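Participant: Data: model-v5.txt, compact mmCIF, C-alpha atoms.
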```txt
# COMPACT_ATOMS: atom_id res chain seq x y z
CA MET S 9 0.00 0.00 0.00
CA GLU S 10 1.42 3.36 -1.07
CA ASN S 11 0.35 5.32 2.03
CA GLU S 12 0.90 2.58 4.60
CA VAL S 13 3.02 4.75 6.93
CA GLY S 14 0.52 7.60 6.64
CA HIS S 15 -2.33 5.27 7.57
CA GLU S 16 -0.37 3.82 10.49
CA ILE S 17 0.39 7.31 11.86
CA ALA S 18 -3.20 8.45 11.28
CA ASP S 19 -4.53 5.45 13.23
CA ALA S 20 -2.14 6.13 16.13
CA LEU S 21 -3.05 9.83 16.17
CA GLY S 22 -6.72 8.91 16.16
CA ILE S 23 -6.23 6.99 19.40
CA LEU S 24 -4.14 9.76 20.98
CA LEU S 25 -6.62 12.47 20.06
CA LYS S 26 -9.75 10.67 21.27
CA ARG S 27 -11.50 12.62 23.99
CA THR S 28 -11.76 9.49 26.13
CA THR S 29 -8.00 8.86 25.85
CA ARG S 30 -7.22 12.42 26.94
CA ALA S 31 -9.81 12.36 29.73
CA GLN S 32 -8.39 9.13 31.18
CA LEU S 33 -4.85 10.51 31.06
CA HIS S 34 -6.00 13.75 32.72
CA LYS S 35 -7.85 11.77 35.38
CA ASN S 36 -4.71 9.76 36.18
CA LEU S 37 -2.51 12.88 36.26
CA THR S 38 -4.82 14.87 38.53
CA GLU S 39 -5.48 12.13 41.07
CA GLY S 40 -4.96 13.49 44.57
CA MET S 41 -4.44 17.09 43.42
CA GLY S 42 -7.50 18.45 45.23
CA GLU S 43 -11.16 18.91 44.41
CA ALA S 44 -10.70 21.70 41.86
CA VAL S 45 -8.05 19.90 39.80
CA ASP S 46 -9.49 17.02 37.81
CA GLU S 47 -9.87 15.77 34.26
CA LEU S 48 -12.38 18.57 33.58
CA THR S 49 -10.26 21.49 34.80
CA TYR S 50 -6.88 20.14 33.66
CA PRO S 51 -7.34 21.43 30.08
CA ILE S 52 -7.95 24.96 31.41
CA LEU S 53 -4.81 24.95 33.54
CA SER S 54 -2.75 23.40 30.76
CA ALA S 55 -4.01 25.83 28.11
CA LEU S 56 -3.38 28.86 30.35
CA ALA S 57 0.14 27.63 31.04
CA ARG S 58 0.80 27.33 27.30
CA THR S 59 -0.82 30.57 26.18
CA GLY S 60 -0.70 32.96 29.11
CA PRO S 61 -3.64 35.11 30.22
CA ARG S 62 -6.66 34.77 27.95
CA SER S 63 -10.37 35.42 28.03
CA ALA S 64 -12.68 32.42 28.34
CA ALA S 65 -13.74 32.88 24.71
CA ASP S 66 -10.13 32.98 23.47
CA LEU S 67 -9.11 30.03 25.63
CA ALA S 68 -12.03 27.82 24.60
CA PRO S 69 -10.55 26.43 21.34
CA ASP S 70 -7.22 25.62 23.03
CA ALA S 71 -9.02 23.83 25.87
CA GLY S 72 -11.38 21.98 23.52
CA LEU S 73 -14.47 23.54 25.10
CA ASP S 74 -16.98 26.26 24.43
CA ARG S 75 -16.83 29.59 26.30
CA SER S 76 -19.43 28.58 28.87
CA GLY S 77 -17.55 25.34 29.62
CA VAL S 78 -14.36 27.30 30.19
CA THR S 79 -16.21 29.78 32.41
CA ARG S 80 -17.71 27.03 34.60
CA ARG S 81 -14.39 25.28 35.05
CA ALA S 82 -12.56 28.57 35.58
CA SER S 83 -14.95 29.41 38.41
CA ARG S 84 -13.95 26.19 40.20
CA LEU S 85 -10.27 26.97 39.69
CA GLU S 86 -10.75 30.55 40.87
CA ALA S 87 -12.54 29.40 44.04
CA ALA S 88 -9.56 27.12 44.72
CA GLY S 89 -7.11 30.01 44.26
CA LEU S 90 -5.47 28.56 41.16
CA ILE S 91 -6.53 31.30 38.74
CA ARG S 92 -7.75 34.85 39.06
CA ARG S 93 -9.69 37.14 36.75
CA GLU S 94 -8.22 40.45 35.66
CA PRO S 95 -9.74 43.16 33.49
CA ASP S 96 -8.86 42.77 29.82
CA PRO S 97 -6.95 45.93 28.86
CA THR S 98 -8.17 45.65 25.26
CA ASP S 99 -11.86 44.99 26.04
CA ARG S 100 -13.50 46.56 29.10
CA ARG S 101 -16.38 44.06 28.91
CA ALA S 102 -14.11 41.02 29.19
CA SER S 103 -11.81 39.61 31.83
CA LEU S 104 -8.67 37.58 31.45
CA LEU S 105 -8.05 34.28 33.20
CA VAL S 106 -4.60 34.31 34.81
CA LEU S 107 -2.75 31.58 36.68
CA THR S 108 -1.94 32.51 40.28
CA ASP S 109 1.37 31.52 41.87
CA GLU S 110 -0.40 28.50 43.35
CA GLY S 111 -1.82 27.72 39.91
CA GLU S 112 1.65 27.87 38.37
CA HIS S 113 2.94 25.54 41.07
CA THR S 114 0.05 23.14 40.35
CA VAL S 115 0.77 23.21 36.61
CA ALA S 116 4.47 22.53 37.28
CA GLU S 117 3.51 19.50 39.38
CA LEU S 118 1.10 18.26 36.69
CA ARG S 119 3.78 18.66 34.00
CA GLU S 120 6.25 16.74 36.14
CA ARG S 121 3.68 13.98 36.63
CA LEU S 122 3.09 13.84 32.87
CA ALA S 123 6.82 13.73 32.08
CA THR S 124 7.31 10.96 34.64
CA HIS S 125 4.37 9.00 33.21
CA ILE S 126 5.74 9.32 29.67
CA ALA S 127 9.29 8.41 30.72
CA ALA S 128 8.03 5.35 32.60
CA SER S 129 6.16 4.17 29.52
CA LEU S 130 9.39 4.38 27.51
CA ASN S 131 11.60 2.51 30.01
CA SER S 132 11.45 -0.70 28.01
CA TRP S 133 12.61 0.99 24.80
CA PRO S 134 16.21 0.44 23.67
CA PRO S 135 18.61 3.22 24.69
CA GLY S 136 18.36 6.23 22.39
CA ASP S 137 14.99 5.28 20.89
CA ALA S 138 13.05 7.61 23.16
CA GLN S 139 15.33 10.55 22.28
CA THR S 140 14.98 9.75 18.59
CA PHE S 141 11.21 9.48 18.94
CA ALA S 142 11.03 12.84 20.76
CA ARG S 143 13.16 14.52 18.08
CA HIS S 144 11.08 13.07 15.24
CA LEU S 145 7.79 13.85 16.97
CA ARG S 146 8.86 17.50 17.41
CA ARG S 147 9.82 17.61 13.72
CA PHE S 148 6.49 16.07 12.73
CA ILE S 149 4.62 18.70 14.77
CA THR S 150 6.62 21.61 13.37
CA GLU S 151 6.90 20.45 9.75
CA GLY S 152 3.98 18.06 9.34
CA PRO S 153 0.28 18.48 8.61
CA PHE S 154 -0.37 20.60 11.71
CA VAL S 155 1.40 23.73 10.48
```
Mind turning the file's structure into structure tokens?
Facilitator:
Amino acid sequence: MENEVGHEIADALGILLKRTTRAQLHKNLTEGMGEAVDELTYPILSALARTGPRSAADLAPDAGLDRSGVTRRASRLEAAGLIRREPDPTDRRASLLVLTDEGEHTVAELRERLATHIAASLNSWPPGDAQTFARHLRRFITEGPFV
């Protein structure tokens, strides 16, 4: 088959990108992190860490939610002291969601948990394969169909 590698990668990406796959990973990563941090709020924290302060409407596509879903989850995170709302300097009607210091600490812990989880899953790979995979995956993301 001419596109065999393309099909194989597409199938693997399909599994990785499934909402249920992501939700299960987020559930595992957030276990024991407190009531406000769970598989539902993880995408908000993660997106804010990647993008910086954003309005709920601007953050929604990055978090894979609609604006109202972001707003509901952000309210939980705000009540827990992980984010705060600040006036949007470019739009007086809007507010920006901003990670607090505690929120940044929480994101750092979640990222460490994720890195540890990934590294553990690669322990059985031959030496160097994980580094090669990481390098090629980065190249695929920056040069592949996602640009």
Participant: State, in Å with one decimal place, the distance from atom CA of Met41 of chain S to atom CA of Ala116 of chain S.
Facilitator: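 Spanning atom CA of Met41 of chain S to atom CA of Ala116 of chain S is a straight-line distance of 12.1 Å.
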Participant: Contacts of segment 47-50 of chain S at 8 Å or less, counting all atoms listed in the file, minus same-chain residues fewer than 2 places along, as a PDB file with C-alpha atoms, in the coordinates of the input?
Facilitator:
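Output below, filename out.pdb:
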```pdb
ATOM      1  CA  ALA S  31      -9.810  12.360  29.730  1.00  0.00           C
ATOM      2  CA  GLN S  32      -8.390   9.130  31.180  1.00  0.00           C
ATOM      3  CA  LEU S  33      -4.850  10.510  31.060  1.00  0.00           C
ATOM      4  CA  HIS S  34      -6.000  13.750  32.720  1.00  0.00           C
ATOM      5  CA  LYS S  35      -7.850  11.770  35.380  1.00  0.00           C
ATOM      6  CA  THR S  38      -4.820  14.870  38.530  1.00  0.00           C
ATOM      7  CA  ALA S  44     -10.700  21.700  41.860  1.00  0.00           C
ATOM      8  CA  VAL S  45      -8.050  19.900  39.800  1.00  0.00           C
ATOM      9  CA  ILE S  52      -7.950  24.960  31.410  1.00  0.00           C
ATOM     10  CA  LEU S  53      -4.810  24.950  33.540  1.00  0.00           C
ATOM     11  CA  SER S  54      -2.750  23.400  30.760  1.00  0.00           C
ATOM     12  CA  ARG S  81     -14.390  25.280  35.050  1.00  0.00           C
ATOM     13  CA  ALA S  82     -12.560  28.570  35.580  1.00  0.00           C
ATOM     14  CA  LEU S  85     -10.270  26.970  39.690  1.00  0.00           C
TER      15      LEU S  85
END
```
Participant: Quick one: which segment 13-69 of chain S residues come within 6 Å of segment 102-114 of chain S, and what is the nearest atom pair for each with the distance in Å to one decimal, counting only C-alpha atoms, rows ordered by chain and ascending number, as CSV?
Facilitator:
```
residue,atom,partner,partner_atom,distance
S:Pro61,CA,S:Val106,CA,4.8
S:Arg62,CA,S:Leu104,CA,4.9
S:Ser63,CA,S:Leu104,CA,4.4
```
Participant: Would you put the residues from that selection into a file with C-alpha atoms, as a tab-separated table (two decimals), in the coordinates of the input?
Facilitator:
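Saved result, again.tsv, follows:
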```tsv
chain	number	residue	atom	x	y	z
S	61	PRO	CA	-3.64	35.11	30.22
S	62	ARG	CA	-6.66	34.77	27.95
S	63	SER	CA	-10.37	35.42	28.03
```
Participant: As an exercise, work out the distance from atom CA of Arg27 of chain S to atom CA of Gly152 of chain S in Å and give it to one decimal place.
Facilitator: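 Distance between the two atoms: 22.0 Å.
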Participant: To one decimal in Å, tell me the separation between atom CA of Arg101 of chain S and atom CA of Asp66 of chain S.
Facilitator: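 It comes out at 13.8 Å.
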Participant: Can you report as JSON the centre and edge lengths in Å, to one decimal, of an axis-aligned box around the listed atoms of segment 58-73 of chain S padded with 8 Å on each side?
Facilitator:
```
{"center_x": -6.8, "center_y": 28.7, "center_z": 25.8, "size_x": 31.3, "size_y": 29.4, "size_z": 24.9}
```
Participant: Which one of S:Ile23, S:Ala88, S:Leu118, S:Ala127 sits closest to Ala142 of chain S if you count all atoms listed in the file?
Facilitator: S:Ala127
Participant: For Pro69 of chain S, please output as a ChimeraX atom specification all residues within 12 Å (counting only C-alpha atoms; exclusion window: fewer than 4 positions along the same chain).
Facilitator: /S:51-52,55-56,59,62-65,73-78
Participant: Could those selected residues go to a file with C-alpha atoms, as a short mmCIF file (atom, residue, chain, number, x, y, z; two decimals), in the frame of the given file?
Facilitator:
```cif
data_model
loop_
_atom_site.label_atom_id
_atom_site.label_comp_id
_atom_site.auth_asym_id
_atom_site.auth_seq_id
_atom_site.Cartn_x
_atom_site.Cartn_y
_atom_site.Cartn_z
CA PRO S 51 -7.34 21.43 30.08
CA ILE S 52 -7.95 24.96 31.41
CA ALA S 55 -4.01 25.83 28.11
CA LEU S 56 -3.38 28.86 30.35
CA THR S 59 -0.82 30.57 26.18
CA ARG S 62 -6.66 34.77 27.95
CA SER S 63 -10.37 35.42 28.03
CA ALA S 64 -12.68 32.42 28.34
CA ALA S 65 -13.74 32.88 24.71
CA LEU S 73 -14.47 23.54 25.10
CA ASP S 74 -16.98 26.26 24.43
CA ARG S 75 -16.83 29.59 26.30
CA SER S 76 -19.43 28.58 28.87
CA GLY S 77 -17.55 25.34 29.62
CA VAL S 78 -14.36 27.30 30.19
#
```
Participant: Taking into account only C-alpha atoms, which residue in the set S:Ala57, S:Ile91, S:Val155, S:Ala128 is nearest to Val115 of chain S?
Facilitator: S:Ala57
Participant: Have segment 117-128 of chain S completed to all heavy atoms, please, and pass it along as a PDB file, in the frame of the given file.
Facilitator:
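Writing done, so here's out.pdb:
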```
ATOM      1  N   GLU S 117       3.636  20.857  38.851  1.00  0.00           N
ATOM      2  CA  GLU S 117       3.510  19.500  39.380  1.00  0.00           C
ATOM      3  C   GLU S 117       2.834  18.578  38.362  1.00  0.00           C
ATOM      4  O   GLU S 117       3.254  17.429  38.169  1.00  0.00           O
ATOM      5  CB  GLU S 117       2.733  19.487  40.687  1.00  0.00           C
ATOM      6  CG  GLU S 117       2.672  18.107  41.302  1.00  0.00           C
ATOM      7  CD  GLU S 117       2.044  18.072  42.687  1.00  0.00           C
ATOM      8  OE1 GLU S 117       1.974  19.110  43.358  1.00  0.00           O
ATOM      9  OE2 GLU S 117       1.627  16.971  43.086  1.00  0.00           O
ATOM     10  N   LEU S 118       1.786  19.068  37.700  1.00  0.00           N
ATOM     11  CA  LEU S 118       1.100  18.260  36.690  1.00  0.00           C
ATOM     12  C   LEU S 118       2.027  17.937  35.518  1.00  0.00           C
ATOM     13  O   LEU S 118       2.025  16.806  35.009  1.00  0.00           O
ATOM     14  CB  LEU S 118      -0.149  18.986  36.182  1.00  0.00           C
ATOM     15  CG  LEU S 118      -1.305  19.065  37.175  1.00  0.00           C
ATOM     16  CD1 LEU S 118      -2.346  20.075  36.705  1.00  0.00           C
ATOM     17  CD2 LEU S 118      -1.931  17.691  37.369  1.00  0.00           C
ATOM     18  N   ARG S 119       2.831  18.901  35.098  1.00  0.00           N
ATOM     19  CA  ARG S 119       3.780  18.660  34.000  1.00  0.00           C
ATOM     20  C   ARG S 119       4.832  17.638  34.408  1.00  0.00           C
ATOM     21  O   ARG S 119       5.242  16.803  33.595  1.00  0.00           O
ATOM     22  CB  ARG S 119       4.418  19.963  33.551  1.00  0.00           C
ATOM     23  CG  ARG S 119       3.475  20.814  32.749  1.00  0.00           C
ATOM     24  CD  ARG S 119       4.139  22.042  32.206  1.00  0.00           C
ATOM     25  NE  ARG S 119       3.248  22.681  31.253  1.00  0.00           N
ATOM     26  CZ  ARG S 119       3.463  23.863  30.744  1.00  0.00           C
ATOM     27  NH1 ARG S 119       4.548  24.535  31.059  1.00  0.00           N
ATOM     28  NH2 ARG S 119       2.614  24.384  29.885  1.00  0.00           N
ATOM     29  N   GLU S 120       5.281  17.714  35.659  1.00  0.00           N
ATOM     30  CA  GLU S 120       6.250  16.740  36.140  1.00  0.00           C
ATOM     31  C   GLU S 120       5.629  15.352  36.182  1.00  0.00           C
ATOM     32  O   GLU S 120       6.263  14.358  35.799  1.00  0.00           O
ATOM     33  CB  GLU S 120       6.771  17.148  37.523  1.00  0.00           C
ATOM     34  CG  GLU S 120       7.904  16.276  38.021  1.00  0.00           C
ATOM     35  CD  GLU S 120       9.129  16.279  37.119  1.00  0.00           C
ATOM     36  OE1 GLU S 120       9.433  17.312  36.482  1.00  0.00           O
ATOM     37  OE2 GLU S 120       9.789  15.222  37.033  1.00  0.00           O
ATOM     38  N   ARG S 121       4.384  15.264  36.630  1.00  0.00           N
ATOM     39  CA  ARG S 121       3.680  13.980  36.630  1.00  0.00           C
ATOM     40  C   ARG S 121       3.559  13.419  35.216  1.00  0.00           C
ATOM     41  O   ARG S 121       3.756  12.221  34.996  1.00  0.00           O
ATOM     42  CB  ARG S 121       2.285  14.130  37.233  1.00  0.00           C
ATOM     43  CG  ARG S 121       2.249  14.279  38.722  1.00  0.00           C
ATOM     44  CD  ARG S 121       0.818  14.425  39.204  1.00  0.00           C
ATOM     45  NE  ARG S 121       0.740  14.421  40.650  1.00  0.00           N
ATOM     46  CZ  ARG S 121      -0.340  14.072  41.326  1.00  0.00           C
ATOM     47  NH1 ARG S 121      -1.447  13.712  40.704  1.00  0.00           N
ATOM     48  NH2 ARG S 121      -0.334  14.103  42.638  1.00  0.00           N
ATOM     49  N   LEU S 122       3.228  14.284  34.265  1.00  0.00           N
ATOM     50  CA  LEU S 122       3.090  13.840  32.870  1.00  0.00           C
ATOM     51  C   LEU S 122       4.428  13.356  32.328  1.00  0.00           C
ATOM     52  O   LEU S 122       4.505  12.294  31.699  1.00  0.00           O
ATOM     53  CB  LEU S 122       2.513  14.960  32.005  1.00  0.00           C
ATOM     54  CG  LEU S 122       2.346  14.656  30.520  1.00  0.00           C
ATOM     55  CD1 LEU S 122       1.445  13.445  30.298  1.00  0.00           C
ATOM     56  CD2 LEU S 122       1.796  15.879  29.791  1.00  0.00           C
ATOM     57  N   ALA S 123       5.490  14.124  32.568  1.00  0.00           N
ATOM     58  CA  ALA S 123       6.820  13.730  32.080  1.00  0.00           C
ATOM     59  C   ALA S 123       7.244  12.398  32.686  1.00  0.00           C
ATOM     60  O   ALA S 123       7.796  11.535  31.987  1.00  0.00           O
ATOM     61  CB  ALA S 123       7.837  14.825  32.390  1.00  0.00           C
ATOM     62  N   THR S 124       6.975  12.212  33.962  1.00  0.00           N
ATOM     63  CA  THR S 124       7.310  10.960  34.640  1.00  0.00           C
ATOM     64  C   THR S 124       6.516   9.800  34.048  1.00  0.00           C
ATOM     65  O   THR S 124       7.062   8.710  33.813  1.00  0.00           O
ATOM     66  CB  THR S 124       7.059  11.081  36.154  1.00  0.00           C
ATOM     67  OG1 THR S 124       7.894  12.128  36.663  1.00  0.00           O
ATOM     68  CG2 THR S 124       7.345   9.778  36.885  1.00  0.00           C
ATOM     69  N   HIS S 125       5.239  10.038  33.798  1.00  0.00           N
ATOM     70  CA  HIS S 125       4.370   9.000  33.210  1.00  0.00           C
ATOM     71  C   HIS S 125       4.878   8.608  31.815  1.00  0.00           C
ATOM     72  O   HIS S 125       4.947   7.419  31.486  1.00  0.00           O
ATOM     73  CB  HIS S 125       2.940   9.541  33.147  1.00  0.00           C
ATOM     74  CG  HIS S 125       1.930   8.592  32.637  1.00  0.00           C
ATOM     75  ND1 HIS S 125       1.540   7.460  33.331  1.00  0.00           N
ATOM     76  CD2 HIS S 125       1.218   8.590  31.485  1.00  0.00           C
ATOM     77  CE1 HIS S 125       0.639   6.802  32.621  1.00  0.00           C
ATOM     78  NE2 HIS S 125       0.426   7.470  31.506  1.00  0.00           N
ATOM     79  N   ILE S 126       5.234   9.599  31.021  1.00  0.00           N
ATOM     80  CA  ILE S 126       5.740   9.320  29.670  1.00  0.00           C
ATOM     81  C   ILE S 126       7.064   8.575  29.753  1.00  0.00           C
ATOM     82  O   ILE S 126       7.265   7.563  29.063  1.00  0.00           O
ATOM     83  CB  ILE S 126       5.883  10.624  28.862  1.00  0.00           C
ATOM     84  CG1 ILE S 126       4.490  11.184  28.531  1.00  0.00           C
ATOM     85  CG2 ILE S 126       6.691  10.389  27.591  1.00  0.00           C
ATOM     86  CD1 ILE S 126       4.499  12.594  27.967  1.00  0.00           C
ATOM     87  N   ALA S 127       7.982   9.067  30.592  1.00  0.00           N
ATOM     88  CA  ALA S 127       9.290   8.410  30.720  1.00  0.00           C
ATOM     89  C   ALA S 127       9.143   6.962  31.172  1.00  0.00           C
ATOM     90  O   ALA S 127       9.827   6.077  30.651  1.00  0.00           O
ATOM     91  CB  ALA S 127      10.172   9.199  31.689  1.00  0.00           C
ATOM     92  N   ALA S 128       8.241   6.719  32.113  1.00  0.00           N
ATOM     93  CA  ALA S 128       8.030   5.350  32.600  1.00  0.00           C
ATOM     94  C   ALA S 128       7.523   4.444  31.485  1.00  0.00           C
ATOM     95  O   ALA S 128       7.892   3.274  31.411  1.00  0.00           O
ATOM     96  CB  ALA S 128       7.064   5.344  33.778  1.00  0.00           C
TER      97      ALA S 128
END
```
